[in-house]
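Colleague: Dumping the structure here so I can ask a few things about it.
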Amino acid sequence: MQKSDYGSGARLIHHFALGSKMVAEMSFSLDQMLNKPDPAISQTGRHVFISGLARAGTTVLLRLFYETGEFCSLTYRNMPFPLAPYLWGRVASANAKEGELSERAHGDGMLVDFDSPEALEEVFWRVFCGDDYILPDTLVPMEAGDETIGEFRKYVAGLMKTYGSTRYLSKNNNNILRLSSIRRAFPKAAIVVPYRDPVQQALSLYGQHRRFVEMHGADKFARDYMGWLVHHEFGSDHRFFGVSGERPEHSPDQPVYWLEQWVRV
């Protein structure tokens, strides 16, 4: 969504809901208590997890799967409480807005509204095990513990029950860091990892990085918003995928840096 979609009141509630780990944890616990999902139901569905390096067409794939009507997924309506889909849905329904399609912040012609599916699931991982993979300048591979896997199954079960679906759909680029954990949580799930021509994808990443650096310089909330969602793919708070154990040889301000990222990922 565009920054103009967030007035001072909306920004304040986003700071409250997403900027505090304690509030996010409480929203999850309360949602689970009220919704009472059975985590076992989440293990029977043939879910789909789309992941990979940004600018590979993951959003297009997400839309194609979602439009079949066979899946539930997080949408912009779940903000700013993506960990409480049942509770926030009931609270916000009285003031639900239709919303108009508008171009997303990437400036790539992709139109979104409140009902567009989006990569909001990462808030779960940040809240439950962020210290395991979010470092000051990099995101590193991680292996979720049994307790976190159990909580993730409950989270997905809650979404399935809330939206009356038997299948969950996720688009989350950061899942590339925890594919084995996704597989452990849902052995029947399909994991889709798309990629583009390396030069074209690297140039797209470079262009988006420059765009978001400028945006973040003009609007601190935009930078904070991406940080709460762990969207560090590009921008002034960019953190590279440390999947190879090596540090990049070049700067994000150089196109070759993004080609290096493609090769390593």
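Chain labels A, B, ... are given in the sequence in which chains occur in the structure tokens; within each chain residues are numbered consecutively from 1, and ligands are likewise numbered from 1 in the order shown.
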Select from range 155-250 of chain A every residue with an atom at most 12 Å from any atom of range 68-92 of chain A, then for each give the shortest pair of atoms and their distance in Å to one decimal, using only C-alpha atoms, rows by chain and rising number, as JSON lines.
Modeller:
{"residue": "A:Tyr155", "atom": "CA", "partner": "A:Leu83", "partner_atom": "CA", "distance": 7.4}
{"residue": "A:Val156", "atom": "CA", "partner": "A:Ser73", "partner_atom": "CA", "distance": 9.3}
{"residue": "A:Ala157", "atom": "CA", "partner": "A:Cys72", "partner_atom": "CA", "distance": 10.6}
{"residue": "A:Gly158", "atom": "CA", "partner": "A:Tyr86", "partner_atom": "CA", "distance": 7.4}
{"residue": "A:Leu159", "atom": "CA", "partner": "A:Pro85", "partner_atom": "CA", "distance": 6.5}
{"residue": "A:Met160", "atom": "CA", "partner": "A:Cys72", "partner_atom": "CA", "distance": 6.5}
{"residue": "A:Lys161", "atom": "CA", "partner": "A:Tyr86", "partner_atom": "CA", "distance": 8.5}
{"residue": "A:Thr162", "atom": "CA", "partner": "A:Tyr86", "partner_atom": "CA", "distance": 5.5}
{"residue": "A:Tyr163", "atom": "CA", "partner": "A:Cys72", "partner_atom": "CA", "distance": 6.3}
{"residue": "A:Gly164", "atom": "CA", "partner": "A:Cys72", "partner_atom": "CA", "distance": 7.9}
{"residue": "A:Ser165", "atom": "CA", "partner": "A:Cys72", "partner_atom": "CA", "distance": 5.9}
{"residue": "A:Thr166", "atom": "CA", "partner": "A:Phe71", "partner_atom": "CA", "distance": 7.1}
{"residue": "A:Arg167", "atom": "CA", "partner": "A:Phe71", "partner_atom": "CA", "distance": 4.9}
{"residue": "A:Tyr168", "atom": "CA", "partner": "A:Cys72", "partner_atom": "CA", "distance": 5.1}
{"residue": "A:Leu169", "atom": "CA", "partner": "A:Ser73", "partner_atom": "CA", "distance": 5.2}
{"residue": "A:Ser170", "atom": "CA", "partner": "A:Ser73", "partner_atom": "CA", "distance": 6.4}
{"residue": "A:Lys171", "atom": "CA", "partner": "A:Ser73", "partner_atom": "CA", "distance": 8.9}
{"residue": "A:Asn172", "atom": "CA", "partner": "A:Leu74", "partner_atom": "CA", "distance": 11.0}
{"residue": "A:Tyr225", "atom": "CA", "partner": "A:Pro80", "partner_atom": "CA", "distance": 10.1}
{"residue": "A:Trp228", "atom": "CA", "partner": "A:Pro80", "partner_atom": "CA", "distance": 10.1}
{"residue": "A:Leu229", "atom": "CA", "partner": "A:Pro82", "partner_atom": "CA", "distance": 10.1}
Colleague: Report as JSON lines: every residue of range 164-195 of chain A with an atom at most 7 Å from range 138-151 of chain A, its closest pair of atoms, and their distance in Å to one decimal, counting only C-alpha atoms, with rows sorted by chain and ascending residue number.
Modeller:
{"residue": "A:Leu177", "atom": "CA", "partner": "A:Pro141", "partner_atom": "CA", "distance": 4.3}
{"residue": "A:Arg178", "atom": "CA", "partner": "A:Met142", "partner_atom": "CA", "distance": 5.6}
{"residue": "A:Ser181", "atom": "CA", "partner": "A:Ala144", "partner_atom": "CA", "distance": 5.8}
{"residue": "A:Ala185", "atom": "CA", "partner": "A:Ile149", "partner_atom": "CA", "distance": 5.8}
Colleague: Got time to write the residues from that selection, N, CA and C atoms, as a CSV table (one decimal), in the first residue's frame?
Modeller:
chain,number,residue,atom,x,y,z
A,177,LEU,N,15.1,-19.0,4.1
A,177,LEU,CA,16.0,-19.2,5.2
A,177,LEU,C,15.6,-20.4,6.1
A,178,ARG,N,14.4,-20.9,5.9
A,178,ARG,CA,13.9,-22.0,6.8
A,178,ARG,C,13.1,-23.0,6.1
A,181,SER,N,12.3,-26.1,8.0
A,181,SER,CA,11.3,-26.0,9.1
A,181,SER,C,9.9,-26.0,8.5
A,185,ALA,N,7.0,-28.7,9.5
A,185,ALA,CA,5.7,-28.3,10.0
A,185,ALA,C,4.6,-28.9,9.1
Colleague: Run DSSP on the backbone of this structure and report the residues of range 70-209 of chain A it assigns to alpha helix (DSSP H), as a ChimeraX atom specification.
Modeller: /A:85-92,122-129,146-163,179-185,198-209
Colleague: Which of these, A:His47, A:Arg264, A:His14, A:Arg55, has the shortest distance to Arg153 in chain A once you count only C-alpha atoms?
Modeller: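 Residue with the minimum atom-to-atom distance to Arg153 in chain A: A:His47.
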Colleague: Choose the residue, out of A:Leu259, A:Ala40, A:Ala202, A:Met226, that has the smallest atom-to-atom separation from Leu18 in chain A; count only C-alpha atoms.
Modeller: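 Of A:Leu259, A:Ala40, A:Ala202, A:Met226, the one nearest Leu18 in chain A, counting only C-alpha atoms, is A:Met226.
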Colleague: Skip Asn173 in chain A itself and residues of its chain fewer than 5 positions away, then list as a PyMOL selection string all residues within 10 Å of it, counting only C-alpha atoms.
Modeller: chain A and resi 49-56+58+119+122+193+230-231+233
Colleague: Would you mind exporting the chosen residues as a PDB file, in the first residue's frame, restricted to N, CA and C atoms?
Modeller:
ATOM      1  N   PHE A  49       3.626 -22.908  -0.264  1.00  0.00           N
ATOM      2  CA  PHE A  49       4.535 -21.882   0.238  1.00  0.00           C
ATOM      3  C   PHE A  49       5.400 -21.399  -0.928  1.00  0.00           C
ATOM      4  N   ILE A  50       5.249 -20.124  -1.280  1.00  0.00           N
ATOM      5  CA  ILE A  50       6.022 -19.512  -2.352  1.00  0.00           C
ATOM      6  C   ILE A  50       7.140 -18.688  -1.720  1.00  0.00           C
ATOM      7  N   SER A  51       8.361 -18.918  -2.156  1.00  0.00           N
ATOM      8  CA  SER A  51       9.493 -18.232  -1.538  1.00  0.00           C
ATOM      9  C   SER A  51      10.608 -18.032  -2.546  1.00  0.00           C
ATOM     10  N   GLY A  52      11.598 -17.227  -2.169  1.00  0.00           N
ATOM     11  CA  GLY A  52      12.744 -17.011  -3.037  1.00  0.00           C
ATOM     12  C   GLY A  52      13.240 -15.584  -2.947  1.00  0.00           C
ATOM     13  N   LEU A  53      14.216 -15.265  -3.785  1.00  0.00           N
ATOM     14  CA  LEU A  53      14.726 -13.908  -3.850  1.00  0.00           C
ATOM     15  C   LEU A  53      13.657 -12.992  -4.451  1.00  0.00           C
ATOM     16  N   ALA A  54      13.542 -11.773  -3.915  1.00  0.00           N
ATOM     17  CA  ALA A  54      12.535 -10.822  -4.399  1.00  0.00           C
ATOM     18  C   ALA A  54      12.700 -10.549  -5.889  1.00  0.00           C
ATOM     19  N   ARG A  55      11.623 -10.064  -6.513  1.00  0.00           N
ATOM     20  CA  ARG A  55      11.570  -9.688  -7.925  1.00  0.00           C
ATOM     21  C   ARG A  55      11.650 -10.884  -8.861  1.00  0.00           C
ATOM     22  N   ALA A  56      11.195 -12.047  -8.368  1.00  0.00           N
ATOM     23  CA  ALA A  56      11.204 -13.257  -9.188  1.00  0.00           C
ATOM     24  C   ALA A  56       9.815 -13.615  -9.706  1.00  0.00           C
ATOM     25  N   THR A  58       7.103 -13.694  -7.473  1.00  0.00           N
ATOM     26  CA  THR A  58       6.395 -14.389  -6.400  1.00  0.00           C
ATOM     27  C   THR A  58       5.001 -13.815  -6.171  1.00  0.00           C
ATOM     28  N   ALA A 119       2.494 -10.748   1.852  1.00  0.00           N
ATOM     29  CA  ALA A 119       3.473 -11.470   2.673  1.00  0.00           C
ATOM     30  C   ALA A 119       3.529 -10.861   4.073  1.00  0.00           C
ATOM     31  N   GLU A 122       5.535 -13.197   7.970  1.00  0.00           N
ATOM     32  CA  GLU A 122       6.860 -13.083   8.585  1.00  0.00           C
ATOM     33  C   GLU A 122       6.805 -12.478   9.980  1.00  0.00           C
ATOM     34  N   VAL A 193       9.733 -22.231  -5.513  1.00  0.00           N
ATOM     35  CA  VAL A 193      10.820 -21.246  -5.482  1.00  0.00           C
ATOM     36  C   VAL A 193      11.113 -20.785  -6.917  1.00  0.00           C
ATOM     37  N   VAL A 230       9.785  -7.444   8.429  1.00  0.00           N
ATOM     38  CA  VAL A 230      11.076  -8.057   8.077  1.00  0.00           C
ATOM     39  C   VAL A 230      11.255  -8.067   6.560  1.00  0.00           C
ATOM     40  N   HIS A 231      10.824  -6.997   5.920  1.00  0.00           N
ATOM     41  CA  HIS A 231      11.045  -6.824   4.481  1.00  0.00           C
ATOM     42  C   HIS A 231      12.322  -6.005   4.306  1.00  0.00           C
ATOM     43  N   GLU A 233      14.518  -6.694   1.894  1.00  0.00           N
ATOM     44  CA  GLU A 233      15.047  -7.053   0.579  1.00  0.00           C
ATOM     45  C   GLU A 233      15.801  -5.899  -0.075  1.00  0.00           C
TER      46      GLU A 233
END
Colleague: Give me, as a ChimeraX atom specification, the residues of range 78-237 of chain A that a backbone DSSP run labels strand (DSSP E or B).
Modeller: /A:102-103,111-112,117,134,138-139,168-171,190-192
Colleague: Can you list, as a list of chain:residue names, every protein, DNA or RNA residue that comes within 10 Å of Val199 in chain A when you count only C-alpha atoms, leaving out same-chain residues fewer than 3 positions away?
Modeller: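 The filter keeps A:Arg196, A:Ala202, A:Leu203, A:Ser204, A:Leu205, A:Pro255, A:Val256, A:Trp258, A:Leu259, A:Trp262.
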Colleague: Using the selection just defined, write its residues with N, CA and C atoms as a PDB file, in the first residue's frame.
Modeller:
ATOM      1  N   ARG A 196      14.252 -15.740 -11.944  1.00  0.00           N
ATOM      2  CA  ARG A 196      14.289 -15.130 -13.269  1.00  0.00           C
ATOM      3  C   ARG A 196      15.701 -15.190 -13.845  1.00  0.00           C
ATOM      4  N   ALA A 202      18.602  -9.127 -11.125  1.00  0.00           N
ATOM      5  CA  ALA A 202      19.536  -8.268 -10.389  1.00  0.00           C
ATOM      6  C   ALA A 202      19.271  -6.795 -10.681  1.00  0.00           C
ATOM      7  N   LEU A 203      18.999  -6.461 -11.937  1.00  0.00           N
ATOM      8  CA  LEU A 203      18.714  -5.070 -12.288  1.00  0.00           C
ATOM      9  C   LEU A 203      17.404  -4.604 -11.655  1.00  0.00           C
ATOM     10  N   SER A 204      16.420  -5.493 -11.579  1.00  0.00           N
ATOM     11  CA  SER A 204      15.153  -5.153 -10.932  1.00  0.00           C
ATOM     12  C   SER A 204      15.355  -4.899  -9.445  1.00  0.00           C
ATOM     13  N   LEU A 205      16.142  -5.745  -8.790  1.00  0.00           N
ATOM     14  CA  LEU A 205      16.454  -5.555  -7.373  1.00  0.00           C
ATOM     15  C   LEU A 205      17.191  -4.232  -7.149  1.00  0.00           C
ATOM     16  N   PRO A 255      25.112  -2.438  -9.083  1.00  0.00           N
ATOM     17  CA  PRO A 255      24.285  -3.510  -9.655  1.00  0.00           C
ATOM     18  C   PRO A 255      24.885  -4.901  -9.478  1.00  0.00           C
ATOM     19  N   VAL A 256      26.218  -5.009  -9.495  1.00  0.00           N
ATOM     20  CA  VAL A 256      26.851  -6.321  -9.388  1.00  0.00           C
ATOM     21  C   VAL A 256      26.573  -6.977  -8.036  1.00  0.00           C
ATOM     22  N   TRP A 258      23.757  -7.148  -6.527  1.00  0.00           N
ATOM     23  CA  TRP A 258      22.496  -7.878  -6.619  1.00  0.00           C
ATOM     24  C   TRP A 258      22.643  -9.145  -7.455  1.00  0.00           C
ATOM     25  N   LEU A 259      23.542  -9.110  -8.406  1.00  0.00           N
ATOM     26  CA  LEU A 259      23.850 -10.328  -9.160  1.00  0.00           C
ATOM     27  C   LEU A 259      24.540 -11.342  -8.240  1.00  0.00           C
ATOM     28  N   TRP A 262      21.918 -13.017  -6.236  1.00  0.00           N
ATOM     29  CA  TRP A 262      21.209 -14.030  -7.020  1.00  0.00           C
ATOM     30  C   TRP A 262      21.987 -15.327  -7.051  1.00  0.00           C
TER      31      TRP A 262
END
Colleague: Kindly indicate which residue among A:Arg183, A:Arg63, A:Arg211, A:Arg223 lies nearest to Pro117 in chain A, using only C-alpha atoms for the distances.
Modeller: A:Arg63
Colleague: For Asp115 in chain A, which residue out of A:Glu67, A:Asp31, A:Gly217, A:Gln201 is the nearest one, using only C-alpha atoms?
Modeller: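 The shortest atom-to-atom distance to Asp115 in chain A comes from A:Glu67.
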Colleague: Can you tell me which residues surround Gln254 in chain A at a distance of at most 12 Å, considering only C-alpha atoms, apart from same-chain residues fewer than 6 positions away, and format the answer as a list in words?
Modeller: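 My list of contacting residues is Ala202, Leu203, Leu205, Tyr206, Gly207, His209, Arg210, Pro248, Glu260 and Gln261 of chain A.
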